[in-house]
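*Asks:* mmCIF, C-alpha atoms, saved as model-v4.cif, coming up:
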```cif
data_entry
loop_
_atom_site.label_atom_id
_atom_site.label_comp_id
_atom_site.auth_asym_id
_atom_site.auth_seq_id
_atom_site.Cartn_x
_atom_site.Cartn_y
_atom_site.Cartn_z
CA MET A 1 108.70 125.62 78.22
CA LYS A 2 106.92 127.64 80.88
CA GLN A 3 103.59 126.92 79.22
CA TRP A 4 104.26 123.16 79.25
CA CYS A 5 105.11 123.29 82.98
CA CYS A 6 101.87 125.15 83.70
CA LEU A 7 99.87 122.67 81.62
CA TRP A 8 101.47 119.67 83.36
CA GLY A 9 100.74 121.20 86.76
CA LEU A 10 97.11 121.72 85.80
CA ILE A 11 96.78 118.08 84.68
CA CYS A 12 98.25 116.81 87.97
CA PHE A 13 95.90 119.03 89.95
CA CYS A 14 92.87 117.72 88.04
CA LEU A 15 93.90 114.09 88.60
CA MET A 16 94.30 114.65 92.32
CA ALA A 17 90.92 116.37 92.55
CA THR A 18 89.23 113.52 90.69
CA ALA A 19 90.70 110.94 93.05
CA GLN A 20 89.46 112.91 96.06
CA ASP A 21 85.96 113.26 94.62
CA ASN A 22 85.69 109.55 93.80
CA PRO A 23 84.90 107.62 97.02
CA GLY A 24 86.06 104.37 95.44
CA SER A 25 89.61 105.44 94.72
CA GLY A 26 92.43 104.22 96.96
CA LEU A 27 90.19 101.94 99.01
CA ILE A 28 91.74 99.73 101.67
CA LEU A 29 90.66 96.76 99.53
CA GLN A 30 93.48 97.57 97.11
CA ALA A 31 96.14 97.90 99.84
CA THR A 32 98.95 95.35 99.82
CA THR A 33 99.78 96.11 103.47
CA LEU A 34 97.47 97.15 106.28
CA LYS A 35 98.75 100.12 108.25
CA LYS A 36 98.70 99.59 112.00
CA GLY A 37 96.98 102.19 114.14
CA LEU A 38 93.79 103.88 115.25
CA TYR A 39 91.03 104.94 112.88
CA LYS A 40 89.35 108.13 114.08
CA SER A 41 86.74 107.93 111.31
CA PHE A 42 85.31 105.64 108.64
CA GLN A 43 87.27 107.58 106.01
CA GLU A 44 90.57 106.71 107.69
CA PHE A 45 89.62 103.02 107.60
CA GLN A 46 88.38 103.30 104.01
CA GLN A 47 91.67 104.83 102.83
CA ASN A 48 93.97 102.62 104.99
CA SER A 49 95.29 105.70 106.79
CA PRO A 50 95.04 105.46 110.60
CA SER A 51 95.78 108.83 112.17
CA GLU A 52 97.26 107.58 115.45
CA SER A 53 99.58 104.76 116.45
CA GLY A 54 101.27 103.45 119.58
CA ASP A 55 101.28 100.35 121.78
CA LEU A 56 97.58 99.58 121.37
CA LEU A 57 96.08 96.42 122.87
CA ILE A 58 92.63 94.81 122.92
CA LYS A 59 91.69 93.62 126.40
CA SER A 60 88.76 91.32 127.10
CA ARG A 61 86.23 92.00 129.81
CA SER A 62 84.87 89.33 132.13
CA THR A 63 81.47 87.76 131.63
CA ALA A 64 80.32 89.35 134.90
CA ALA A 65 81.28 92.82 133.68
CA GLN A 66 79.40 92.28 130.44
CA ILE A 67 76.24 91.18 132.24
CA TYR A 68 76.10 93.26 135.40
CA LEU A 69 77.88 96.40 134.20
CA LEU A 70 76.36 96.25 130.69
CA ALA A 71 79.90 96.52 129.33
CA SER A 72 81.08 95.46 125.90
CA ARG A 73 83.13 92.27 125.71
CA ASN A 74 86.43 94.06 125.14
CA GLU A 75 88.09 97.46 125.07
CA LEU A 76 91.10 99.16 123.49
CA VAL A 77 93.92 100.42 125.72
CA LEU A 78 97.09 102.39 125.05
CA ARG A 79 100.18 101.28 126.98
CA ASP A 80 102.94 103.81 127.65
CA ALA A 81 106.67 103.25 128.08
CA ALA A 82 106.22 102.59 131.80
CA GLY A 83 103.65 99.88 131.15
CA GLN A 84 100.71 101.95 132.36
CA GLU A 85 97.49 101.39 130.44
CA GLN A 86 94.90 104.00 129.52
CA LYS A 87 91.50 103.30 127.98
CA VAL A 88 91.14 104.68 124.44
CA LYS A 89 87.96 106.63 123.69
CA ASN A 90 86.39 108.37 120.70
CA TYR A 91 87.61 106.27 117.79
CA TRP A 92 86.02 104.38 114.88
CA GLY A 93 88.20 101.29 114.64
CA PHE A 94 91.64 99.77 114.98
CA CYS A 95 94.14 97.77 112.91
CA ASP A 96 96.88 95.63 114.46
CA GLY A 97 98.67 95.33 111.13
CA THR A 98 97.00 92.02 110.31
CA ASN A 99 93.36 92.32 111.32
CA ILE A 100 90.88 95.20 111.26
CA TYR A 101 88.44 95.80 114.11
CA ILE A 102 85.31 97.96 114.05
CA LYS A 103 84.13 99.60 117.26
CA ASP A 104 80.52 98.54 117.68
CA ASN A 105 79.68 97.53 121.26
CA GLY A 106 83.30 96.51 121.65
CA LEU A 107 85.86 95.72 118.97
CA ASN A 108 84.77 93.25 116.31
CA ARG A 109 87.13 91.74 113.74
CA ILE A 110 86.20 92.13 110.10
CA GLN A 111 85.70 88.58 108.85
CA ALA A 112 85.36 89.17 105.11
CA THR A 113 86.17 92.17 102.94
CA GLY A 114 84.66 93.40 99.71
CA TYR A 115 82.00 95.84 98.59
CA TYR A 116 80.31 94.79 101.84
CA CYS A 117 82.63 93.85 104.70
CA THR A 118 81.20 91.55 107.36
CA TYR A 119 81.75 91.40 111.09
CA GLU A 120 79.99 89.83 114.04
CA LEU A 121 79.01 91.31 117.40
CA GLN A 122 79.53 88.91 120.27
CA GLY A 123 78.50 89.13 123.89
CA VAL A 124 76.60 87.45 126.70
CA GLN A 125 73.33 88.20 128.42
CA PRO A 126 71.65 86.66 131.46
CA SER A 127 68.79 84.26 130.82
CA ARG A 128 66.90 81.76 132.93
CA SER A 129 68.36 80.33 136.14
CA ALA A 130 69.11 76.65 136.66
CA TYR A 131 68.68 74.74 139.92
CA ASN A 132 71.58 72.48 140.91
CA PRO A 133 70.22 69.67 143.16
CA ALA A 134 73.76 68.59 144.15
CA ASP A 135 74.32 71.64 146.35
CA MET A 136 70.81 73.14 146.26
CA THR A 137 71.97 76.33 144.57
CA VAL A 138 70.50 78.39 141.75
CA ASN A 139 72.97 79.33 139.03
CA ALA A 140 72.41 81.97 136.38
CA MET A 141 72.73 80.72 132.82
CA ASN A 142 74.50 83.04 130.40
CA THR A 143 73.35 83.12 126.80
CA PRO A 144 75.86 83.97 124.04
CA VAL A 145 74.64 86.75 121.76
CA ARG A 146 75.79 86.97 118.14
CA LEU A 147 74.71 89.45 115.50
CA LYS A 148 76.18 89.59 112.00
CA LYS A 149 76.53 93.02 110.33
CA VAL A 150 77.82 94.39 107.04
CA ILE A 151 79.44 97.71 106.19
CA ASN A 152 79.44 99.31 102.75
CA ILE A 153 83.09 100.05 101.89
CA VAL A 154 82.11 103.07 99.78
CA THR A 155 79.47 104.82 101.91
CA GLY A 156 80.22 103.51 105.40
CA GLU A 157 76.59 102.47 105.90
CA ILE A 158 76.24 99.64 108.44
CA LEU A 159 73.34 97.19 108.24
CA GLU A 160 72.34 94.06 110.08
CA LEU A 161 72.80 91.05 107.81
CA SER A 162 69.19 89.96 107.47
CA LEU A 163 66.78 88.70 104.82
CA TYR A 164 65.03 92.05 104.77
CA ASN A 165 68.17 94.15 104.32
CA LEU A 166 69.52 91.84 101.61
CA LYS A 167 66.26 92.09 99.66
CA LYS A 168 65.61 95.78 100.32
CA TYR A 169 69.02 97.49 100.23
CA ILE A 170 71.88 95.27 99.05
CA LEU A 171 70.83 92.88 96.31
CA PRO A 172 68.72 95.39 94.30
CA GLN A 173 72.10 96.70 93.11
CA ASP A 174 72.50 93.36 91.30
CA PRO A 175 69.10 92.49 89.73
CA ALA A 176 70.16 89.02 88.52
CA LEU A 177 71.40 88.01 91.94
CA LEU A 178 68.26 89.45 93.53
CA GLU A 179 66.09 87.21 91.34
CA GLU A 180 68.18 84.18 92.36
CA PHE A 181 67.75 85.19 96.00
CA ARG A 182 63.99 85.53 95.69
CA ALA A 183 63.66 82.09 94.12
CA ASP A 184 65.93 80.38 96.68
CA LYS A 185 63.76 78.54 99.23
CA SER A 186 66.74 78.01 101.55
CA LYS A 187 67.96 81.62 101.50
CA ARG A 188 67.28 82.10 105.21
CA ASP A 189 70.32 79.94 105.97
CA LYS A 190 72.51 81.43 103.23
CA LEU A 191 72.89 85.10 104.16
CA ASP A 192 76.70 84.95 104.21
CA TYR A 193 76.65 83.14 100.87
CA TYR A 194 74.72 85.95 99.19
CA ILE A 195 77.06 88.61 100.58
CA PHE A 196 79.96 86.56 99.22
CA ARG A 197 78.27 86.28 95.82
CA PHE A 198 77.51 90.00 95.73
CA ASN A 199 81.13 90.89 96.57
CA GLU A 200 82.37 88.44 93.96
CA ARG A 201 80.15 89.93 91.23
CA ASN A 202 80.38 93.62 92.18
CA LYS A 203 83.47 95.72 92.81
CA PRO A 204 83.61 99.26 94.26
CA PRO A 205 84.19 101.98 91.66
CA GLN A 206 87.82 102.78 90.98
CA SER A 207 89.52 106.05 90.18
CA GLY A 208 88.60 107.27 86.72
CA GLN A 209 85.37 105.27 86.47
#
```
Hey, can you dump this file as structure tokens for me?

*Replies:*
Amino acid sequence: MKQWCCLWGLICFCLMATAQDNPGSGLILQATTLKKGLYKSFQEFQQNSPSESGDLLIKSRSTAAQIYLLASRNELVLRDAAGQEQKVKNYWGFCDGTNIYIKDNGLNRIQATGYYCTYELQGVQPSRSAYNPADMTVNAMNTPVRLKKVINIVTGEILELSLYNLKKYILPQDPALLEEFRADKSKRDKLDYYIFRFNERNKPPQSGQ
């Protein structure tokens, strides 16, 4: 009986070690519920295990602050029982229980999940000025800035979603889809489509694979 107990313990230990060694096991993609809280690292996001929680809020910054103070468009604050707010620093991302946000020049909501999750940086920057003849004033014109990025759910690598990165780093993992991409004359306008196709055709490795 003692030998069977020792053998069973050894088997359990080996299974746990295998799951820890396999970066694809227990991914947040398989979670039925998103845990609310603060991700201190990519691994906490990957495993759906935020290490801190509390009354966390995303607060937007004004356009003026973004332009003249070179600030990101929003920030994360922690509100205490007295209603006092304190800026949160040194974290990777945040989940409100429904949506996931990556910290990258502000907090950006993940728009699509899969082998490659997508999100979009948004902000404003000053551009040319415009003369208003009605009151003879010169008004600054603010230009919205948008940049789409992808993050590999297994490795944590973040890339700009571009033609070059699709052809060089992402689609070579799926040779058939890469050939379709190369032959597509309208691919420049279909970057999101090819990320969707890649995620549909390719799944992160699971435990035991």

*Asks:* Of the candidates A:Gln122, A:Arg73, A:Phe94, A:Cys117, which shows the shortest atom-to-atom distance to A:Gly156, using all atoms listed in the file?

*Replies:* A:Cys117

*Asks:* Take the PyMOL selection byres ((chain A and resi 181-187) around 12), apply it to the structure above, and return the hits as a PyMOL selection string.

*Replies:* chain A and resi 162-164+166-168+170-172+174-180+188-195+197-198

*Asks:* Keeping C-alpha atoms for every residue in the selection just given, could you write it to a file as a PDB file, in the coordinates of the input?

*Replies:*
```pdb
ATOM      1  CA  SER A 162      69.190  89.960 107.470  1.00  0.00           C
ATOM      2  CA  LEU A 163      66.780  88.700 104.820  1.00  0.00           C
ATOM      3  CA  TYR A 164      65.030  92.050 104.770  1.00  0.00           C
ATOM      4  CA  LEU A 166      69.520  91.840 101.610  1.00  0.00           C
ATOM      5  CA  LYS A 167      66.260  92.090  99.660  1.00  0.00           C
ATOM      6  CA  LYS A 168      65.610  95.780 100.320  1.00  0.00           C
ATOM      7  CA  ILE A 170      71.880  95.270  99.050  1.00  0.00           C
ATOM      8  CA  LEU A 171      70.830  92.880  96.310  1.00  0.00           C
ATOM      9  CA  PRO A 172      68.720  95.390  94.300  1.00  0.00           C
ATOM     10  CA  ASP A 174      72.500  93.360  91.300  1.00  0.00           C
ATOM     11  CA  PRO A 175      69.100  92.490  89.730  1.00  0.00           C
ATOM     12  CA  ALA A 176      70.160  89.020  88.520  1.00  0.00           C
ATOM     13  CA  LEU A 177      71.400  88.010  91.940  1.00  0.00           C
ATOM     14  CA  LEU A 178      68.260  89.450  93.530  1.00  0.00           C
ATOM     15  CA  GLU A 179      66.090  87.210  91.340  1.00  0.00           C
ATOM     16  CA  GLU A 180      68.180  84.180  92.360  1.00  0.00           C
ATOM     17  CA  ARG A 188      67.280  82.100 105.210  1.00  0.00           C
ATOM     18  CA  ASP A 189      70.320  79.940 105.970  1.00  0.00           C
ATOM     19  CA  LYS A 190      72.510  81.430 103.230  1.00  0.00           C
ATOM     20  CA  LEU A 191      72.890  85.100 104.160  1.00  0.00           C
ATOM     21  CA  ASP A 192      76.700  84.950 104.210  1.00  0.00           C
ATOM     22  CA  TYR A 193      76.650  83.140 100.870  1.00  0.00           C
ATOM     23  CA  TYR A 194      74.720  85.950  99.190  1.00  0.00           C
ATOM     24  CA  ILE A 195      77.060  88.610 100.580  1.00  0.00           C
ATOM     25  CA  ARG A 197      78.270  86.280  95.820  1.00  0.00           C
ATOM     26  CA  PHE A 198      77.510  90.000  95.730  1.00  0.00           C
TER      27      PHE A 198
END
```

*Asks:* In Å, with one decimal, what is the gap from atom CA of A:Ala112 to atom CA of A:Phe196?

*Replies:*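 Going from atom CA of A:Ala112 over to atom CA of A:Phe196, I get 8.4 Å.
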
*Asks:* Just say which residues the PyMOL selection byres ((chain A and resi 114) around 12) picks in this file, as a ChimeraX atom specification.

*Replies:* /A:24,27-30,46,110-113,115-119,150-154,195-205

*Asks:* Could you list the residues chosen by the PyMOL selection byres ((chain A and resi 103) around 6) in this structure as a list of chain:residue names?

*Replies:* A:Trp92, A:Gly93, A:Ile102, A:Asp104, A:Gly106, A:Leu107

*Asks:* Would you mind reading off the distance between atom CA of A:Asn48 and atom CA of A:Gln86, one decimal, in Å?

*Replies:*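 According to the coordinates, atom CA of A:Asn48 and atom CA of A:Gln86 are separated by 24.6 Å.
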
*Asks:* Smallest atom-to-atom distance to A:Gly97: which of A:Ser53, A:Gln43, A:Glu157, A:Ala82, using all atoms listed in the file?

*Replies:*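 Comparing A:Ser53, A:Gln43, A:Glu157, A:Ala82 against A:Gly97, the winner is A:Ser53.
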
*Asks:* Just give me the gap between atom CA of A:Asn108 and atom CA of A:Ser41 in Å, one decimal is fine.

*Replies:*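 These two atoms are separated by 15.6 Å.
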
*Asks:* Measuring atom to atom with all atoms listed in the file, identify which of A:Arg146, A:Leu161, A:Phe45, A:Lys89 is nearest to A:Val77.

*Replies:*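 The shortest atom-to-atom distance to A:Val77 comes from A:Lys89.
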
*Asks:* For the point (95.6, 101.8, 129.0) in the file's frame, write as a PyMOL selection string all residues with an atom no more than 10 Å away, counting all atoms listed in the file.

*Replies:* chain A and resi 55-59+75-80+83-88
